[in-house]
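Shown next, in structure tokens, is the structure this report addresses.
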4 protein chains.
Amino acid sequence: MGSRPAPPPRQDTAAFERAHEPSRLIALSDGVFAIIMTLLVLEIHVPDLADGQSLEDALREVRPSFVAFLISFVVVAISWAGHRDLFAHVRRVDRALVWLNLLYLLPLSLVPFGAALLARYEDETVSLQLYGFMLMAIAGARLWVWHYATGRPYLLFAPLDAESRRSGMAIAGAPALGYGLAIVLAEYSPTLALLVFVLLPAGYFVAVWRLRSSAPPEAAEGDFT
Amino acid sequence: MGSRPAPPPRQDTAAFERAHEPSRLIALSDGVFAIIMTLLVLEIHVPDLADGQSLEDALREVRPSFVAFLISFVVVAISWAGHRDLFAHVRRVDRALVWLNLLYLLPLSLVPFGAALLARYEDETVSLQLYGFMLMAIAGARLWVWHYATGRPYLLFAPLDAESRRSGMAIAGAPALGYGLAIVLAEYSPTLALLVFVLLPAGYFVAVWRLRSSAPPEAAEGDFT
Amino acid sequence: MGSRPAPPPRQDTAAFERAHEPSRLIALSDGVFAIIMTLLVLEIHVPDLADGQSLEDALREVRPSFVAFLISFVVVAISWAGHRDLFAHVRRVDRALVWLNLLYLLPLSLVPFGAALLARYEDETVSLQLYGFMLMAIAGARLWVWHYATGRPYLLFAPLDAESRRSGMAIAGAPALGYGLAIVLAEYSPTLALLVFVLLPAGYFVAVWRLRSSAPPEAAEGDFT
Amino acid sequence: MGSRPAPPPRQDTAAFERAHEPSRLIALSDGVFAIIMTLLVLEIHVPDLADGQSLEDALREVRPSFVAFLISFVVVAISWAGHRDLFAHVRRVDRALVWLNLLYLLPLSLVPFGAALLARYEDETVSLQLYGFMLMAIAGARLWVWHYATGRPYLLFAPLDAESRRSGMAIAGAPALGYGLAIVLAEYSPTLALLVFVLLPAGYFVAVWRLRSSAPPEAAEGDFT
């Protein structure tokens, strides 16, 4: 888990920098994040309104879809904010980081399917478990990307201290534990599992807030979003 | 509502600037705006054309979808133009501005659902009211983002004068009053409520035109879009 | 049609430049173009394959969707290339140009609907006519944007000579005549109208090729795409 | 196949550079890649879960869609990585490169249709063959773009040596042979053809890894992704 030595220096530094430029990886990722956020709405279907139906009834019909939309939107928003936090430190990407980032985008791009599943079967153990596994995969991939990039100082503008690295890994990986809990809970109480999905983002905001307020002046945690 | 003092200065200014760079927030927002604009068309379904049907009949079948498309396209276009106007002043984003911006994108990403609802039930009180609440949430979130960002001079290239700030808040928030009126009107006359949705953008253009022409030479209102 | 005088100079030039920066308008437009190109595929539906059906039969079933996809993809690609050609000259955008550009994106974002209509009713006069009107609106809006921007030298890096301006207007507007012809032809022969939609892009490529080869060394036409 | 001479120099170099800037072509391409990756999920439909159905059963129902999703996601990811590798060398684009790039995006934007076809008919010769032809078209267009751009040093930051050019062409074009094999195999064993689609990306990773490790210090292959 220690920092790796930089690869041997190259002569044509301009070509090297161009080949390791992070801008396109960031553009692709922002595109994917934006599209997932916006595709989620396609899973909210127009309800069949009976004539004279009240606003409350209509809202009740779309409620499960809306809950799944909200949870998923927040998950994707947090993922984007964490991606932005990480890549504020990244000066260069190498082959492995490009592919790890694509691996991270893979479970993220499944979120609209997970939201549709949750909207249709919000009381079913199996749909809650599949949704939970998807979110675990997202957390795991996010942890891997953070661990890889921050452990290679030659990819960064400036090396991160060990404490900041650990905080970032905790923030990225801890939700996986919560989602594991939800998967277990889903066996006994689908409602409790759904509650975990709703509450975990709130826990994330509190955790980031605490990390920020307790961080020393120049530490990376002070800028976590 | 007064301007807040800047947070204490930091030593590593390059890292600070990178962590507060607005470029990715703008890229994500532009992506979301572009996708919403383009997804709207998916709610216009190909009509069932009887053999020998006239052009007029065919157009009549898609008319409600087309009206909902047009209203929604203009709402999203105005939201994008206002976002661009604001962020022309923004030099840095902090954690709260990032999350306020995501909060603004949330009701915006519901617009394709609102348009589909309006297209299918354009004479129903309840669908007009749901559409109205969605547009009110957009106006409210836009007002909040404007209020937050312009009230913190350390986030801006140059501080805005109080008059410009108020004009921007009026432009962002005033539509909420109009949509509130539409929600009330929808109880009595769905047609009138629909008319409000059609006319409010026109009012927006007139209001911006008046603000621009009456603005002093260097005021921010002179560049409102 | 002559060039307009520049608005009076402003003192805070950095703020002025930021407010008239074209980068976000270009980012939004590129996003919309990319999404339209990619959404078109959603209108090609998986055919029902009978067991033992030949490749030829399967291809025959998706042929009308594929033709509509191809025509529409090329129309959007040409529109993007023309947009890029124009904005290579544009240094600043003003309020009118922002809104004209949004007006241009409006009929473009209807293309997936037009393609779906054409795919389902490729022999129907009325669907061919609606498709034709949509393409006319795109050509008309493109002409308007070109005419507006190139007629205001203060928006450009360098003024265009009158000949280049006229060539650009011809390239942008001429297709509208072809689509008008297709609308008239659709009354008598849907097949001929479809042929016009297929052939017009080929005419575009030839026209640009001739303009490029006959352009004087420094003229803008030499870089038309 | 040799390098072509540069076109005669132009006087107004700033205008020339603006007209040949690759940034918008890259932005459009990144947008298209991101959208394809994300649209793929729309082809995974929520399964009908019977009450008390096990997780295994539910996963089994979406398995064919998920396999088609994964294969297609990896194909698009490899295409993007290769596009990024090429354009790290490209300083300018000319008219032909713009249109070749659009020609490359055309079969790519058909991938969601191909994935849907594969998901629904994964045992049918004809759907596997159509999918194979689509991937062959992608490989062929990628080869053409690479061949065109690297053969024109005036479009590049620095000329590529002949060996690097050939390696890039092999990497781009070799998959076409594999897909041709899959098309033939599909006549006899759909399962074998599907296996080829699954294994070819793995072969790609190995091929790039070997090219990188055997490349001389400054060769372009050392930065293939």
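Following the order of the structure tokens, first chain is A, next is B, and so on, with residues numbered from 1 inside each chain and ligands from 1 in the order they appear.
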Identify, with DSSP run on backbone atoms, the residues in segment 28-208 of chain A assigned to alpha helix (DSSP H), and express the list as a ChimeraX atom specification. /A:28-39,55-87,95-109,111-120,125-150,162-188,190-208
Give me, as a compact mmCIF listing (two decimals) with all heavy atoms, in the first residue's frame, all polymer residues having an atom no more than 12 Å from segment 71-73 of chain D, counting only C-alpha atoms and skipping those fewer than 4 positions away in the same chain.
# COMPACT_ATOMS: atom_id res chain seq x y z
N LEU A 102 -12.81 3.45 -16.12
CA LEU A 102 -13.87 2.84 -16.93
C LEU A 102 -14.59 1.76 -16.14
O LEU A 102 -15.82 1.60 -16.24
CB LEU A 102 -13.29 2.28 -18.23
CG LEU A 102 -12.88 3.36 -19.25
CD1 LEU A 102 -11.97 2.77 -20.31
CD2 LEU A 102 -14.12 3.97 -19.91
N LEU A 103 -13.84 1.03 -15.32
CA LEU A 103 -14.43 0.00 -14.48
C LEU A 103 -15.38 0.62 -13.45
O LEU A 103 -16.38 0.00 -13.05
CB LEU A 103 -13.31 -0.76 -13.75
CG LEU A 103 -13.71 -2.04 -13.03
CD1 LEU A 103 -14.01 -3.13 -14.04
CD2 LEU A 103 -12.58 -2.52 -12.11
N LEU A 105 -17.07 3.41 -14.02
CA LEU A 105 -18.25 3.89 -14.75
C LEU A 105 -19.22 2.74 -15.07
O LEU A 105 -20.41 2.97 -15.28
CB LEU A 105 -17.83 4.59 -16.05
CG LEU A 105 -16.98 5.85 -15.88
CD1 LEU A 105 -16.68 6.46 -17.25
CD2 LEU A 105 -17.69 6.89 -15.01
N LEU A 106 -18.70 1.50 -15.10
CA LEU A 106 -19.55 0.37 -15.48
C LEU A 106 -20.72 0.17 -14.50
O LEU A 106 -21.88 0.24 -14.92
CB LEU A 106 -18.69 -0.88 -15.63
CG LEU A 106 -19.31 -2.02 -16.44
CD1 LEU A 106 -18.22 -2.85 -17.09
CD2 LEU A 106 -20.22 -2.91 -15.63
N PRO A 107 -20.48 -0.06 -13.20
CA PRO A 107 -21.65 -0.22 -12.31
C PRO A 107 -22.48 1.06 -12.22
O PRO A 107 -23.70 1.00 -12.04
CB PRO A 107 -21.03 -0.59 -10.96
CG PRO A 107 -19.61 -0.14 -11.03
CD PRO A 107 -19.21 -0.25 -12.47
N SER A 109 -23.19 3.04 -14.65
CA SER A 109 -24.11 3.12 -15.78
C SER A 109 -25.24 2.11 -15.66
O SER A 109 -26.19 2.14 -16.45
CB SER A 109 -23.36 2.96 -17.09
OG SER A 109 -22.85 1.66 -17.19
N LEU A 110 -25.16 1.21 -14.67
CA LEU A 110 -26.28 0.29 -14.41
C LEU A 110 -27.33 0.90 -13.48
O LEU A 110 -28.39 0.30 -13.27
CB LEU A 110 -25.74 -1.01 -13.80
CG LEU A 110 -25.03 -1.96 -14.76
CD1 LEU A 110 -24.33 -3.06 -13.99
CD2 LEU A 110 -26.02 -2.57 -15.74
N PHE D 33 -19.41 8.81 -27.19
CA PHE D 33 -18.95 7.63 -26.44
C PHE D 33 -19.69 7.53 -25.10
O PHE D 33 -20.17 6.45 -24.72
CB PHE D 33 -17.44 7.69 -26.20
CG PHE D 33 -16.60 7.33 -27.39
CD1 PHE D 33 -15.79 8.26 -28.01
CD2 PHE D 33 -16.60 6.04 -27.88
CE1 PHE D 33 -15.01 7.92 -29.11
CE2 PHE D 33 -15.83 5.68 -28.98
CZ PHE D 33 -15.03 6.63 -29.59
N ALA D 34 -19.76 8.64 -24.37
CA ALA D 34 -20.41 8.61 -23.05
C ALA D 34 -21.88 8.23 -23.17
O ALA D 34 -22.40 7.46 -22.35
CB ALA D 34 -20.27 9.98 -22.37
N ILE D 35 -22.55 8.74 -24.19
CA ILE D 35 -23.99 8.46 -24.32
C ILE D 35 -24.21 6.99 -24.69
O ILE D 35 -25.10 6.34 -24.17
CB ILE D 35 -24.63 9.40 -25.36
CG1 ILE D 35 -24.43 10.85 -24.93
CG2 ILE D 35 -26.12 9.11 -25.50
CD1 ILE D 35 -24.50 11.83 -26.07
N ILE D 36 -23.40 6.46 -25.61
CA ILE D 36 -23.57 5.05 -25.98
C ILE D 36 -23.38 4.17 -24.75
O ILE D 36 -24.21 3.30 -24.46
CB ILE D 36 -22.56 4.65 -27.07
CG1 ILE D 36 -22.77 5.48 -28.33
CG2 ILE D 36 -22.72 3.17 -27.41
CD1 ILE D 36 -21.64 5.34 -29.33
N MET D 37 -22.29 4.39 -24.01
CA MET D 37 -22.04 3.61 -22.78
C MET D 37 -23.24 3.61 -21.85
O MET D 37 -23.54 2.61 -21.20
CB MET D 37 -20.86 4.23 -22.02
CG MET D 37 -19.52 3.85 -22.53
SD MET D 37 -18.27 4.58 -21.42
CE MET D 37 -16.81 4.23 -22.39
N THR D 38 -23.91 4.75 -21.78
CA THR D 38 -24.97 4.90 -20.79
C THR D 38 -26.33 4.46 -21.34
O THR D 38 -27.18 4.00 -20.59
CB THR D 38 -25.03 6.37 -20.33
OG1 THR D 38 -23.71 6.90 -20.31
CG2 THR D 38 -25.62 6.47 -18.95
N LEU D 39 -26.53 4.59 -22.65
CA LEU D 39 -27.80 4.15 -23.25
C LEU D 39 -27.93 2.64 -23.23
O LEU D 39 -29.03 2.10 -23.25
CB LEU D 39 -27.92 4.63 -24.70
CG LEU D 39 -28.37 6.06 -24.93
CD1 LEU D 39 -28.64 6.27 -26.42
CD2 LEU D 39 -29.61 6.40 -24.13
N LEU D 40 -26.79 1.94 -23.21
CA LEU D 40 -26.82 0.47 -23.24
C LEU D 40 -27.73 -0.09 -22.15
O LEU D 40 -28.39 -1.11 -22.34
CB LEU D 40 -25.40 -0.09 -23.06
CG LEU D 40 -24.46 0.07 -24.25
CD1 LEU D 40 -23.05 -0.33 -23.85
CD2 LEU D 40 -24.94 -0.75 -25.43
N VAL D 41 -27.75 0.60 -21.00
CA VAL D 41 -28.51 0.08 -19.87
C VAL D 41 -30.02 0.05 -20.17
O VAL D 41 -30.75 -0.75 -19.58
CB VAL D 41 -28.22 0.90 -18.60
CG1 VAL D 41 -28.99 2.22 -18.62
CG2 VAL D 41 -28.56 0.12 -17.35
N GLU D 43 -31.42 -1.17 -22.50
CA GLU D 43 -31.81 -2.44 -23.11
C GLU D 43 -31.91 -3.57 -22.08
O GLU D 43 -32.29 -4.69 -22.42
CB GLU D 43 -30.81 -2.82 -24.21
CG GLU D 43 -30.60 -1.75 -25.28
CD GLU D 43 -31.89 -1.41 -26.01
OE1 GLU D 43 -32.87 -2.15 -25.89
OE2 GLU D 43 -31.91 -0.37 -26.69
N PRO D 64 -28.91 -12.77 -20.22
CA PRO D 64 -28.54 -12.47 -21.61
C PRO D 64 -28.38 -10.97 -21.86
O PRO D 64 -27.44 -10.55 -22.54
CB PRO D 64 -29.71 -13.04 -22.42
CG PRO D 64 -30.41 -13.99 -21.50
CD PRO D 64 -30.19 -13.49 -20.12
N SER D 65 -29.28 -10.16 -21.28
CA SER D 65 -29.15 -8.70 -21.44
C SER D 65 -27.85 -8.22 -20.83
O SER D 65 -27.19 -7.32 -21.36
CB SER D 65 -30.32 -7.99 -20.75
OG SER D 65 -31.53 -8.33 -21.35
N PHE D 66 -27.50 -8.82 -19.70
CA PHE D 66 -26.31 -8.36 -18.99
C PHE D 66 -25.04 -8.73 -19.76
O PHE D 66 -24.10 -7.93 -19.83
CB PHE D 66 -26.30 -8.97 -17.58
CG PHE D 66 -25.37 -8.27 -16.65
CD1 PHE D 66 -25.64 -6.97 -16.25
CD2 PHE D 66 -24.22 -8.89 -16.21
CE1 PHE D 66 -24.77 -6.31 -15.40
CE2 PHE D 66 -23.34 -8.23 -15.37
CZ PHE D 66 -23.61 -6.94 -14.97
N VAL D 67 -25.03 -9.92 -20.36
CA VAL D 67 -23.88 -10.32 -21.18
C VAL D 67 -23.72 -9.37 -22.37
O VAL D 67 -22.62 -8.88 -22.66
CB VAL D 67 -24.04 -11.78 -21.66
CG1 VAL D 67 -22.99 -12.13 -22.71
CG2 VAL D 67 -23.95 -12.74 -20.48
N ALA D 77 -15.73 1.04 -24.66
CA ALA D 77 -14.63 1.56 -23.84
C ALA D 77 -13.30 1.44 -24.58
O ALA D 77 -12.49 2.37 -24.58
CB ALA D 77 -14.57 0.79 -22.52
N ILE D 78 -13.07 0.30 -25.24
CA ILE D 78 -11.84 0.12 -26.03
C ILE D 78 -11.79 1.13 -27.17
O ILE D 78 -10.74 1.73 -27.45
CB ILE D 78 -11.74 -1.33 -26.57
CG1 ILE D 78 -11.42 -2.30 -25.43
CG2 ILE D 78 -10.70 -1.43 -27.67
CD1 ILE D 78 -11.40 -3.76 -25.86
N SER D 79 -12.93 1.35 -27.81
CA SER D 79 -12.97 2.31 -28.92
C SER D 79 -12.61 3.71 -28.43
O SER D 79 -11.90 4.46 -29.10
CB SER D 79 -14.37 2.33 -29.56
OG SER D 79 -14.74 1.04 -29.99
N TRP D 80 -13.14 4.06 -27.26
CA TRP D 80 -12.83 5.39 -26.71
C TRP D 80 -11.35 5.50 -26.37
O TRP D 80 -10.70 6.50 -26.67
CB TRP D 80 -13.69 5.66 -25.47
CG TRP D 80 -13.30 6.93 -24.80
CD1 TRP D 80 -13.61 8.20 -25.19
CD2 TRP D 80 -12.47 7.08 -23.63
NE1 TRP D 80 -13.04 9.11 -24.34
CE2 TRP D 80 -12.34 8.45 -23.38
CE3 TRP D 80 -11.84 6.17 -22.77
CZ2 TRP D 80 -11.61 8.95 -22.31
CZ3 TRP D 80 -11.11 6.65 -21.71
CH2 TRP D 80 -10.99 8.03 -21.48
N LEU D 108 -20.61 3.01 -34.32
CA LEU D 108 -20.59 3.01 -32.85
C LEU D 108 -21.96 3.36 -32.28
O LEU D 108 -22.41 2.76 -31.29
CB LEU D 108 -19.55 4.02 -32.33
CG LEU D 108 -18.13 3.49 -32.23
CD1 LEU D 108 -17.14 4.63 -32.08
CD2 LEU D 108 -18.01 2.52 -31.05
N SER D 109 -22.63 4.32 -32.91
CA SER D 109 -23.92 4.72 -32.35
C SER D 109 -25.01 3.67 -32.60
O SER D 109 -26.11 3.77 -32.07
CB SER D 109 -24.35 6.08 -32.89
OG SER D 109 -24.60 5.99 -34.26
N LEU D 110 -24.68 2.64 -33.39
CA LEU D 110 -25.62 1.53 -33.58
C LEU D 110 -25.46 0.46 -32.50
O LEU D 110 -26.26 -0.48 -32.43
CB LEU D 110 -25.41 0.89 -34.96
CG LEU D 110 -25.95 1.69 -36.14
CD1 LEU D 110 -25.46 1.09 -37.45
CD2 LEU D 110 -27.48 1.71 -36.13
N VAL D 111 -24.42 0.57 -31.67
CA VAL D 111 -24.14 -0.49 -30.69
C VAL D 111 -25.33 -0.78 -29.77
O VAL D 111 -25.62 -1.95 -29.50
CB VAL D 111 -22.84 -0.17 -29.91
CG1 VAL D 111 -22.69 -1.08 -28.70
CG2 VAL D 111 -21.63 -0.30 -30.82
N PRO D 112 -26.06 0.25 -29.25
CA PRO D 112 -27.21 -0.11 -28.39
C PRO D 112 -28.23 -0.99 -29.11
O PRO D 112 -28.83 -1.88 -28.49
CB PRO D 112 -27.81 1.26 -28.02
CG PRO D 112 -26.66 2.20 -28.09
CD PRO D 112 -25.83 1.71 -29.25
N PHE D 113 -28.44 -0.76 -30.42
CA PHE D 113 -29.33 -1.64 -31.18
C PHE D 113 -28.74 -3.05 -31.25
O PHE D 113 -29.44 -4.05 -31.03
CB PHE D 113 -29.56 -1.08 -32.59
CG PHE D 113 -30.20 -2.07 -33.53
CD1 PHE D 113 -31.53 -2.40 -33.39
CD2 PHE D 113 -29.45 -2.69 -34.53
CE1 PHE D 113 -32.13 -3.32 -34.25
CE2 PHE D 113 -30.03 -3.61 -35.38
CZ PHE D 113 -31.37 -3.93 -35.24
N GLY D 114 -27.45 -3.14 -31.54
CA GLY D 114 -26.80 -4.44 -31.61
C GLY D 114 -26.90 -5.19 -30.29
O GLY D 114 -27.14 -6.41 -30.26
N ALA D 115 -26.71 -4.46 -29.19
CA ALA D 115 -26.79 -5.10 -27.88
C ALA D 115 -28.20 -5.62 -27.60
O ALA D 115 -28.38 -6.71 -27.05
CB ALA D 115 -26.37 -4.10 -26.80
N ALA D 116 -29.20 -4.82 -27.99
CA ALA D 116 -30.58 -5.26 -27.78
C ALA D 116 -30.89 -6.51 -28.60
O ALA D 116 -31.57 -7.44 -28.14
CB ALA D 116 -31.55 -4.13 -28.16
N LEU D 117 -30.37 -6.54 -29.82
CA LEU D 117 -30.56 -7.70 -30.70
C LEU D 117 -29.92 -8.94 -30.09
O LEU D 117 -30.51 -10.03 -30.04
CB LEU D 117 -29.93 -7.37 -32.06
CG LEU D 117 -30.21 -8.29 -33.24
CD1 LEU D 117 -31.64 -8.12 -33.70
CD2 LEU D 117 -29.25 -7.97 -34.38
N LEU D 118 -28.69 -8.76 -29.61
CA LEU D 118 -27.95 -9.87 -29.01
C LEU D 118 -28.64 -10.36 -27.73
O LEU D 118 -28.70 -11.57 -27.47
CB LEU D 118 -26.54 -9.39 -28.70
CG LEU D 118 -25.46 -10.45 -28.53
CD1 LEU D 118 -25.30 -11.25 -29.80
CD2 LEU D 118 -24.13 -9.79 -28.17
N ALA D 119 -29.16 -9.41 -26.94
CA ALA D 119 -29.79 -9.78 -25.68
C ALA D 119 -31.03 -10.63 -25.94
O ALA D 119 -31.32 -11.59 -25.23
CB ALA D 119 -30.17 -8.52 -24.90
N TYR D 131 -24.57 -8.50 -35.32
CA TYR D 131 -23.71 -7.89 -34.30
C TYR D 131 -22.25 -7.91 -34.76
O TYR D 131 -21.53 -6.91 -34.63
CB TYR D 131 -23.87 -8.66 -32.98
CG TYR D 131 -23.27 -7.97 -31.78
CD1 TYR D 131 -23.91 -6.88 -31.20
CD2 TYR D 131 -22.06 -8.40 -31.22
CE1 TYR D 131 -23.37 -6.24 -30.09
CE2 TYR D 131 -21.51 -7.76 -30.12
CZ TYR D 131 -22.17 -6.69 -29.56
OH TYR D 131 -21.64 -6.06 -28.47
N GLY D 132 -21.83 -9.03 -35.34
CA GLY D 132 -20.46 -9.15 -35.84
C GLY D 132 -20.16 -8.15 -36.95
O GLY D 132 -19.09 -7.52 -36.96
N MET D 134 -21.54 -5.28 -37.39
CA MET D 134 -21.45 -3.95 -36.76
C MET D 134 -20.07 -3.74 -36.15
O MET D 134 -19.44 -2.68 -36.36
CB MET D 134 -22.54 -3.85 -35.70
CG MET D 134 -22.77 -2.48 -35.14
SD MET D 134 -23.94 -2.60 -33.76
CE MET D 134 -22.93 -3.44 -32.52
N LEU D 135 -19.57 -4.74 -35.43
CA LEU D 135 -18.25 -4.60 -34.82
C LEU D 135 -17.15 -4.56 -35.88
O LEU D 135 -16.13 -3.86 -35.70
CB LEU D 135 -18.00 -5.74 -33.82
CG LEU D 135 -18.94 -5.81 -32.63
CD1 LEU D 135 -18.39 -6.76 -31.57
CD2 LEU D 135 -19.18 -4.44 -32.01
N ILE D 138 -17.01 -1.06 -37.10
CA ILE D 138 -16.32 -0.20 -36.14
C ILE D 138 -14.81 -0.35 -36.28
O ILE D 138 -14.06 0.64 -36.36
CB ILE D 138 -16.77 -0.53 -34.70
CG1 ILE D 138 -18.25 -0.16 -34.52
CG2 ILE D 138 -15.91 0.17 -33.67
CD1 ILE D 138 -18.85 -0.61 -33.19
N LEU D 194 -20.53 -16.31 -29.79
CA LEU D 194 -20.66 -15.45 -28.62
C LEU D 194 -19.36 -15.44 -27.83
O LEU D 194 -18.91 -14.40 -27.34
CB LEU D 194 -21.82 -15.93 -27.74
CG LEU D 194 -22.26 -14.99 -26.62
CD1 LEU D 194 -22.80 -13.70 -27.17
CD2 LEU D 194 -23.31 -15.66 -25.73
N LEU D 195 -18.74 -16.62 -27.73
CA LEU D 195 -17.47 -16.73 -27.01
C LEU D 195 -16.40 -15.86 -27.66
O LEU D 195 -15.58 -15.24 -26.95
CB LEU D 195 -17.03 -18.21 -27.01
CG LEU D 195 -16.04 -18.60 -25.91
CD1 LEU D 195 -16.72 -18.55 -24.55
CD2 LEU D 195 -15.49 -20.00 -26.16
N VAL D 196 -16.39 -15.81 -28.99
CA VAL D 196 -15.41 -14.95 -29.67
C VAL D 196 -15.63 -13.49 -29.28
O VAL D 196 -14.68 -12.75 -29.01
CB VAL D 196 -15.50 -15.13 -31.20
CG1 VAL D 196 -14.63 -14.11 -31.92
CG2 VAL D 196 -15.09 -16.55 -31.59
N PHE D 197 -16.91 -13.07 -29.23
CA PHE D 197 -17.20 -11.69 -28.84
C PHE D 197 -16.71 -11.41 -27.42
O PHE D 197 -16.26 -10.30 -27.11
CB PHE D 197 -18.71 -11.40 -28.91
CG PHE D 197 -19.24 -11.40 -30.31
CD1 PHE D 197 -20.47 -11.97 -30.61
CD2 PHE D 197 -18.53 -10.80 -31.34
CE1 PHE D 197 -20.98 -11.96 -31.90
CE2 PHE D 197 -19.03 -10.78 -32.64
CZ PHE D 197 -20.25 -11.36 -32.92
N VAL D 198 -16.82 -12.41 -26.55
CA VAL D 198 -16.38 -12.23 -25.16
C VAL D 198 -14.85 -12.19 -25.07
O VAL D 198 -14.28 -11.40 -24.32
CB VAL D 198 -16.95 -13.34 -24.25
CG1 VAL D 198 -16.34 -13.28 -22.86
CG2 VAL D 198 -18.46 -13.24 -24.18
N LEU D 199 -14.19 -13.06 -25.87
CA LEU D 199 -12.74 -13.22 -25.72
C LEU D 199 -11.93 -12.16 -26.46
O LEU D 199 -10.80 -11.86 -26.06
CB LEU D 199 -12.30 -14.62 -26.19
CG LEU D 199 -12.78 -15.76 -25.30
CD1 LEU D 199 -12.29 -17.10 -25.84
CD2 LEU D 199 -12.32 -15.56 -23.85
N LEU D 200 -12.48 -11.59 -27.54
CA LEU D 200 -11.67 -10.66 -28.32
C LEU D 200 -11.15 -9.48 -27.49
O LEU D 200 -9.98 -9.11 -27.62
CB LEU D 200 -12.44 -10.17 -29.55
CG LEU D 200 -12.18 -11.00 -30.81
CD1 LEU D 200 -12.99 -10.47 -31.97
CD2 LEU D 200 -10.70 -10.98 -31.18
N PRO D 201 -11.99 -8.86 -26.63
CA PRO D 201 -11.44 -7.78 -25.80
C PRO D 201 -10.27 -8.24 -24.95
O PRO D 201 -9.29 -7.50 -24.78
CB PRO D 201 -12.63 -7.36 -24.94
CG PRO D 201 -13.82 -7.73 -25.75
CD PRO D 201 -13.44 -8.99 -26.47
N ALA D 202 -10.35 -9.47 -24.41
CA ALA D 202 -9.22 -9.98 -23.62
C ALA D 202 -7.96 -10.04 -24.49
O ALA D 202 -6.86 -9.65 -24.06
CB ALA D 202 -9.56 -11.35 -23.06
Check: which chain C residues lie within 6 Å of chain B using only C-alpha atoms, as number ranges by chain: C: 18-19, 28, 31-32, 95, 109-110, 117, 126
Non-local contacts of Gly168 of chain D (9 Å; only C-alpha atoms; under 4 positions in same chain excluded) as a list in words: Gly82, Leu86, Leu143, Trp146, His147, Glu163, Ser164, Ala172, Gly173, Ala220, Glu221 and Phe224 of chain D
If I take atom CA of Tyr154 of chain C and atom CA of Asn101 of chain C, how far is one from the other in Å, to one decimal?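 So the two atoms, atom CA of Tyr154 of chain C and atom CA of Asn101 of chain C, lie 17.6 Å apart.
Here atom CA of Phe205 of chain B stands at a distance of 26.7 Å from atom CA of Leu97 of chain B.
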From C:Ala139, C:Leu130, C:Val208, C:Leu155, residue lying nearest Ile183 of chain C [only C-alpha atoms]: C:Leu130
Distance in Å - atom CA of Ala219 of chain A versus atom CA of Pro22 of chain A: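 Straight-line distance from atom CA of Ala219 of chain A to atom CA of Pro22 of chain A works out to 22.8 Å.
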